[in-house]
Amino acid sequence: MQAHSLSRGSVAGLPAGSGGALPALVLVGLFFVVPVVALLLRSVTDPEPGLQNYAALFGSGTYVRVFLNTFLVAAVVTVVTILVAFPVAWMLAIMPPALGSIVFGIIILSMWTNLLTRTYAWMVLLQRTGVINRALMGLGVIDEPLPLINNLTGVTIGMVYIMLPFMILPLVGTLRAIDPMTLRAAALCGASPLQAFRRILLPLSLPGIAAGGLMVFVMSLGYFVTPALLGGTSNTMLAEMIAQTVQSLLNWGLGSAAAFVLLAVTMVLYAIQLRMVGARRLAGGL
Amino acid sequence: MTRPFLSIRAVRKAFGAFVAVHDVTIDVPKGEFLTFLGPSGSGKSTTLYAIAGFQDPTAGDVLLEDKSLLSVPSHKRNIGMVFQRYTLFPHLSVAENVAFPLRVRRRPDAEVKRKVADMLALVRLEKFAERYPGALSGGQQQRVALARALAYDPPILLMDEPLSALDKKLRQEIQAEIRRIHRETGVTILYVTHDQEEALHLSDRIALFKEGRIEQIGTGEDLYLRPASEFVAGFIGNSNFLAAEHLETENGVALVRLADGSIVKGVKATHALGRGQKARLMVRPEAFRLTPMEGNAALAVEIVDTAFFGDRRRVVARTKSGDEIDVRPTSDTAEPGGADAASGRQIFFDPATAFLFPA
């Protein structure tokens with residue numbers, strides 16, 4: 001009932017007895033709904049009423065490239081995060097609980113460490129004269145330093161690292177719910193380890209992958225710090241562009257329009273996921 | 001001797017210092033229904049897992065038609081298995097679960113379809129082909145698991161306490177199904193259970209495990225009528241143990257004195273016992289009678305409780321030395337104590353049906 005009333009945006013239409021939720025609703029309205037509405041208004045009124053900001057955004061090759069690049073980076077980061085997180089999550093799921101909770105703690109701890117510190121740490125590791133390049137050159141593996149920073153590689157490495165916990169946590173939950181005996185049964189049915197993975201483990205862990213993947217993708221779309229520090233000028237992401245537009249160019253209208261497009265895309269993706277999960281439940285699967 | 005179909009040779013499994021299975025050796029002929037029976041922790045499941053390939057034995061070998069299975073990974077052993085817990089694949093329909101082993105073997109679609117239909121007919125679940133495991137009862141799930149395990153015509157079917165999660169009525173129903181399926185398919189079955197009734201109902205032979213060793217292997221009748229040890233006698237069927245002293249043995253017949261001082265003659269001497277050695281005399285509840293017959297031994301008791309079940313009477317009696325005795329005469333439903341229950345009575349048994357074990 002409450003959600004329904006909210007969606008109509010009518011506080012007066014709330015059912016009786018929900019008065020206790022009023023302060024929270026006022027808070028949400030004041031700090032979330034009002035700014036978003038203000039943002040939308042600004043994008044169609046600044047500097048003058050009309051859709052010229054959106055026209056500029058989609059009309060300019062530069063901005064479109066930034067959009068595409070943002071999606072590319074977010075997609076690459078999501079895929080790599082899934083690939084790295086899966087084995088870690090599987091290990092955590094089958095580990096003895098005592099050991100598992102220690103490893104879990106380490107992962108959570110990394111989430112509590114300051115984002116900037118962690119990103120600067122990657123700069124130290126990845127730069128031309130950084131630890132990784134010097135070690136590889138010292139070992140004679142490479143002659144020239146690898147370009148690991150100020151490009152897509154740098155952004156991907158830095159962001160995958162930041163995003164891993166958000167992928168691992170839902171995935172561990174899903175994997176723990178899978179009975180290990182199911183995999184033994186698959187083996188005795190004649191499934192090779194690869195077949196057991198592809199036909200049993202992967203489909204069963206899909207809800208976790210979808211939940212984590214969407215979270216990582218959406219967070220990556222709007223990410224600022226890591227792309228700004230580890231990325232290059234040739235692959236600017238949307239958040240960086242918005243910051244530039246507003247801070248350097250003082251073009252609030254264009255910045256608002258870009259931010260609103262990002263928000264809209266995120267919400268569409270979220271709606272798609274809700275539908276997918278809902279549909280799965282209805283099908284009586286997992 | 002003809003070569004055995006499946007041969008378990010001196011299989012030993014140690015977990016660190018703990019030895020779960022001590023040098024178990026069994027030969028299983030083709031088509032046999034063999035049950036590993038024993039209390040939990042007796043090594044029966046560990047032995048089964050060695051055959052399935054989930055646990056490598058520390059020593060020994062498992063041969064199927066003279067070829068060692070140990071170097072073969074689980075998924076190439078071609079063995080069927082039904083587990084204790086429901087292990088159906090929850091994201092696949094019943095039909096796709098049964099088809100799974102055939103699909104991973106890349107069998108042609110037409111064959112898969114035909115085989116799935118056959119298997120679902122075998123377990124009588126044709127109507128449930130499109131359901132998902134979550135929408136089935138426990139009994140139905142285990143029947144699907146059975147169909148899945150038999151879909152690729154494995155030479156051996158392993159069953160690890162498949163009925164333990166089901167309620168009693170369902171257990172009996174599925175036991176009957178398993179018997180029928182064994183009869184119809186002729187598959188060799190190794191079945192693990194801790195339930196002696198289940199073992200007696202299903203098996204051609206029973207291997208009774210105790211602390212990692214086979215205590216006795218034989219038909220249900222062998223184990224019931226000719227138990228090799230006190231443990232076997234106590235595990236299979238119901239038994240009463242009476243403290244006794246062995247007096248002497250002559251021509252395979254022993255003379256014993258019970259704790260209340262009474263002498264029992266004519267007990268089969270299956271164990272070598274010394275003069276005066278402490279022993280235990282085992283008498284089955286159904287071997288007792290309430291009215292004496294020629295040659296019966298008598299036991300002075302107090303009647304504690306009596307209940308009438310129509311075809312039999314169940315009596316709880318107490319000897320003078322305080323042992324409680326379960327008495328279930330099969331064809332003798334005479335009234336033992338009536339209203340005068342505490343007055344003291346005698347119950348009777350044929351000494352030839354009693355067993356004497358060293359204490």
# chains A, B, ... in the order shown; residues from 1 in each chain; ligands from 1
>>> interface_residues(of="chain B", to="chain A", cutoff="6 Å", atoms="only C-alpha atoms", output="list of chain:residue names")
B:Ser74, B:His75, B:Lys76, B:Thr87, B:His91, B:Pro101, B:Val104
>>> select_by_dssp(residues="region 30-183 of chain A", states="alpha helix (DSSP H)", output="PyMOL selection string")
chain A and resi 34-45+52-59+61-94+97-112+115-126+131-138+152-176+180-183
>>> write_last_selection(atoms="C-alpha atoms", output="tab-separated table (two decimals), in the first residue's frame")
chain	number	residue	atom	x	y	z
A	34	VAL	CA	13.61	16.64	-4.45
A	35	PRO	CA	17.25	16.69	-5.71
A	36	VAL	CA	16.41	14.26	-8.53
A	37	VAL	CA	13.46	16.38	-9.58
A	38	ALA	CA	15.61	19.50	-9.33
A	39	LEU	CA	18.22	17.78	-11.50
A	40	LEU	CA	15.64	16.88	-14.11
A	41	LEU	CA	14.23	20.42	-14.08
A	42	ARG	CA	17.66	21.96	-14.40
A	43	SER	CA	18.50	19.77	-17.40
A	44	VAL	CA	15.46	21.14	-19.29
A	45	THR	CA	15.57	24.78	-18.04
A	52	GLN	CA	18.75	21.62	-26.10
A	53	ASN	CA	20.96	20.00	-23.41
A	54	TYR	CA	19.84	16.51	-24.44
A	55	ALA	CA	20.26	17.47	-28.09
A	56	ALA	CA	23.81	18.60	-27.35
A	57	LEU	CA	24.50	15.42	-25.42
A	58	PHE	CA	23.32	13.01	-28.13
A	59	GLY	CA	24.32	15.26	-31.03
A	61	GLY	CA	30.34	12.71	-31.11
A	62	THR	CA	32.46	13.36	-28.03
A	63	TYR	CA	29.63	12.86	-25.57
A	64	VAL	CA	28.28	9.80	-27.35
A	65	ARG	CA	31.80	8.35	-27.28
A	66	VAL	CA	31.96	9.00	-23.54
A	67	PHE	CA	28.63	7.20	-23.09
A	68	LEU	CA	29.77	4.22	-25.13
A	69	ASN	CA	33.09	4.15	-23.31
A	70	THR	CA	31.31	4.21	-19.97
A	71	PHE	CA	29.22	1.19	-20.94
A	72	LEU	CA	32.28	-0.57	-22.33
A	73	VAL	CA	34.29	-0.05	-19.14
A	74	ALA	CA	31.36	-1.07	-16.96
A	75	ALA	CA	30.80	-4.20	-19.07
A	76	VAL	CA	34.48	-5.20	-19.07
A	77	VAL	CA	34.73	-4.59	-15.33
A	78	THR	CA	31.58	-6.66	-14.71
A	79	VAL	CA	32.77	-9.60	-16.81
A	80	VAL	CA	36.27	-9.62	-15.30
A	81	THR	CA	34.83	-9.24	-11.80
A	82	ILE	CA	32.57	-12.27	-12.36
A	83	LEU	CA	35.50	-14.31	-13.68
A	84	VAL	CA	37.72	-13.43	-10.72
A	85	ALA	CA	34.97	-13.59	-8.09
A	86	PHE	CA	33.58	-17.00	-9.05
A	87	PRO	CA	36.56	-19.14	-8.02
A	88	VAL	CA	37.01	-17.06	-4.85
A	89	ALA	CA	33.34	-17.43	-3.96
A	90	TRP	CA	33.42	-21.17	-4.69
A	91	MET	CA	36.46	-21.58	-2.48
A	92	LEU	CA	34.72	-19.64	0.30
A	93	ALA	CA	31.56	-21.70	-0.11
A	94	ILE	CA	33.30	-25.08	0.27
A	97	PRO	CA	33.30	-22.42	8.13
A	98	ALA	CA	36.00	-21.26	10.60
A	99	LEU	CA	38.57	-20.62	7.87
A	100	GLY	CA	35.85	-19.23	5.60
A	101	SER	CA	34.88	-16.54	8.08
A	102	ILE	CA	38.53	-15.39	8.34
A	103	VAL	CA	38.85	-15.03	4.58
A	104	PHE	CA	35.44	-13.37	4.54
A	105	GLY	CA	36.68	-10.91	7.16
A	106	ILE	CA	39.70	-10.03	5.04
A	107	ILE	CA	37.44	-9.29	2.08
A	108	ILE	CA	35.10	-7.15	4.17
A	109	LEU	CA	38.07	-5.34	5.70
A	110	SER	CA	39.24	-4.29	2.24
A	111	MET	CA	35.82	-2.71	1.71
A	112	TRP	CA	36.33	-0.58	4.83
A	115	LEU	CA	38.84	4.13	-1.58
A	116	LEU	CA	41.40	6.80	-2.46
A	117	THR	CA	44.15	5.03	-0.53
A	118	ARG	CA	43.46	1.80	-2.37
A	119	THR	CA	43.40	3.53	-5.75
A	120	TYR	CA	46.67	5.37	-5.07
A	121	ALA	CA	48.16	2.03	-4.03
A	122	TRP	CA	47.30	0.70	-7.49
A	123	MET	CA	48.97	3.74	-9.04
A	124	VAL	CA	52.17	2.84	-7.19
A	125	LEU	CA	51.90	-0.73	-8.41
A	126	LEU	CA	50.88	-0.08	-12.00
A	131	VAL	CA	56.46	-2.36	-8.62
A	132	ILE	CA	54.94	-4.64	-11.25
A	133	ASN	CA	56.87	-3.28	-14.20
A	134	ARG	CA	60.16	-3.20	-12.33
A	135	ALA	CA	59.70	-6.73	-11.06
A	136	LEU	CA	58.85	-8.07	-14.52
A	137	MET	CA	61.80	-6.22	-16.07
A	138	GLY	CA	64.09	-7.38	-13.27
A	152	LEU	CA	41.45	0.70	-20.00
A	153	THR	CA	43.75	-1.88	-18.39
A	154	GLY	CA	44.44	0.38	-15.42
A	155	VAL	CA	40.77	1.27	-14.94
A	156	THR	CA	39.73	-2.37	-15.23
A	157	ILE	CA	42.32	-3.60	-12.72
A	158	GLY	CA	41.52	-0.85	-10.21
A	159	MET	CA	37.76	-1.15	-10.53
A	160	VAL	CA	37.62	-4.95	-10.51
A	161	TYR	CA	39.54	-4.80	-7.26
A	162	ILE	CA	37.07	-2.33	-5.76
A	163	MET	CA	34.03	-4.25	-7.05
A	164	LEU	CA	35.08	-7.79	-6.07
A	165	PRO	CA	33.37	-7.84	-2.64
A	166	PHE	CA	30.07	-6.75	-4.21
A	167	MET	CA	30.26	-9.76	-6.53
A	168	ILE	CA	31.67	-12.26	-4.05
A	169	LEU	CA	29.09	-11.65	-1.32
A	170	PRO	CA	25.91	-12.50	-3.27
A	171	LEU	CA	27.72	-15.30	-5.10
A	172	VAL	CA	28.87	-17.03	-1.91
A	173	GLY	CA	25.29	-16.96	-0.67
A	174	THR	CA	24.05	-18.64	-3.83
A	175	LEU	CA	26.87	-21.18	-3.97
A	176	ARG	CA	26.50	-22.15	-0.30
A	180	PRO	CA	27.81	-30.40	-2.75
A	181	MET	CA	26.21	-33.84	-3.06
A	182	THR	CA	24.45	-32.54	-6.18
A	183	LEU	CA	27.85	-32.22	-7.84
>>> residues_around(residues="Ala244 (chain B)", least_positions_apart="4", cutoff="9 Å", atoms="only C-alpha atoms", output="list in words")
Val256, Arg257, Leu258, Ala259, Gln277, Lys278, Ala279, Arg280, Leu281, Leu356 and Ala359 of chain B
>>> write_last_selection(atoms="C-alpha atoms", output="CSV table (one decimal), in the first residue's frame")
chain,number,residue,atom,x,y,z
B,256,VAL,CA,24.8,-73.5,31.4
B,257,ARG,CA,23.7,-72.0,34.7
B,258,LEU,CA,21.7,-68.8,34.7
B,259,ALA,CA,22.0,-66.0,37.1
B,277,GLN,CA,33.4,-69.1,31.9
B,278,LYS,CA,31.0,-66.1,32.0
B,279,ALA,CA,28.6,-66.2,29.0
B,280,ARG,CA,25.5,-64.6,27.7
B,281,LEU,CA,22.5,-66.7,26.6
B,356,LEU,CA,25.4,-68.9,23.8
B,359,ALA,CA,30.5,-62.5,27.8
>>> residues_around(residues="Asn150 (chain A)", least_positions_apart="6", cutoff="7 Å", atoms="only C-alpha atoms", output="list in words")
Leu230, Gly231 and Gly232 of chain A
>>> select_by_dssp(residues="region 69-199 of chain B", states="strand (DSSP E)", output="list in words")
Gly80, Met81, Val82, Ile156, Leu157, Leu158, Met159, Asp160, Thr188, Ile189, Leu190, Tyr191, Val192 and Thr193 of chain B
>>> write_last_selection(atoms="C-alpha atoms", output="compact mmCIF listing (two decimals), in the first residue's frame")
# COMPACT_ATOMS: atom_id res chain seq x y z
CA GLY B 80 24.62 -45.49 -10.72
CA MET B 81 23.98 -44.03 -7.31
CA VAL B 82 21.05 -42.90 -5.20
CA ILE B 156 26.13 -51.55 -10.47
CA LEU B 157 23.69 -49.40 -8.54
CA LEU B 158 24.84 -47.95 -5.23
CA MET B 159 22.25 -46.79 -2.73
CA ASP B 160 23.34 -44.86 0.33
CA THR B 188 23.56 -55.52 -9.15
CA ILE B 189 22.71 -53.40 -6.11
CA LEU B 190 24.89 -52.42 -3.17
CA TYR B 191 22.66 -50.90 -0.55
CA VAL B 192 23.68 -49.16 2.66
CA THR B 193 21.32 -48.92 5.62
>>> residues_around(residues="Pro155 (chain B)", least_positions_apart="6", cutoff="12 Å", atoms="only C-alpha atoms", output="JSON, numbers by chain")
{"B": [5, 6, 28, 29, 30, 31, 32, 64, 65, 77, 78, 79, 80, 81, 149, 185, 186, 187, 188, 189, 190]}
>>> closest_residue(among="B:Asp204, B:Glu211, B:Asp27, B:Leu34", to="Thr46 (chain B)", atoms="only C-alpha atoms")
B:Glu211
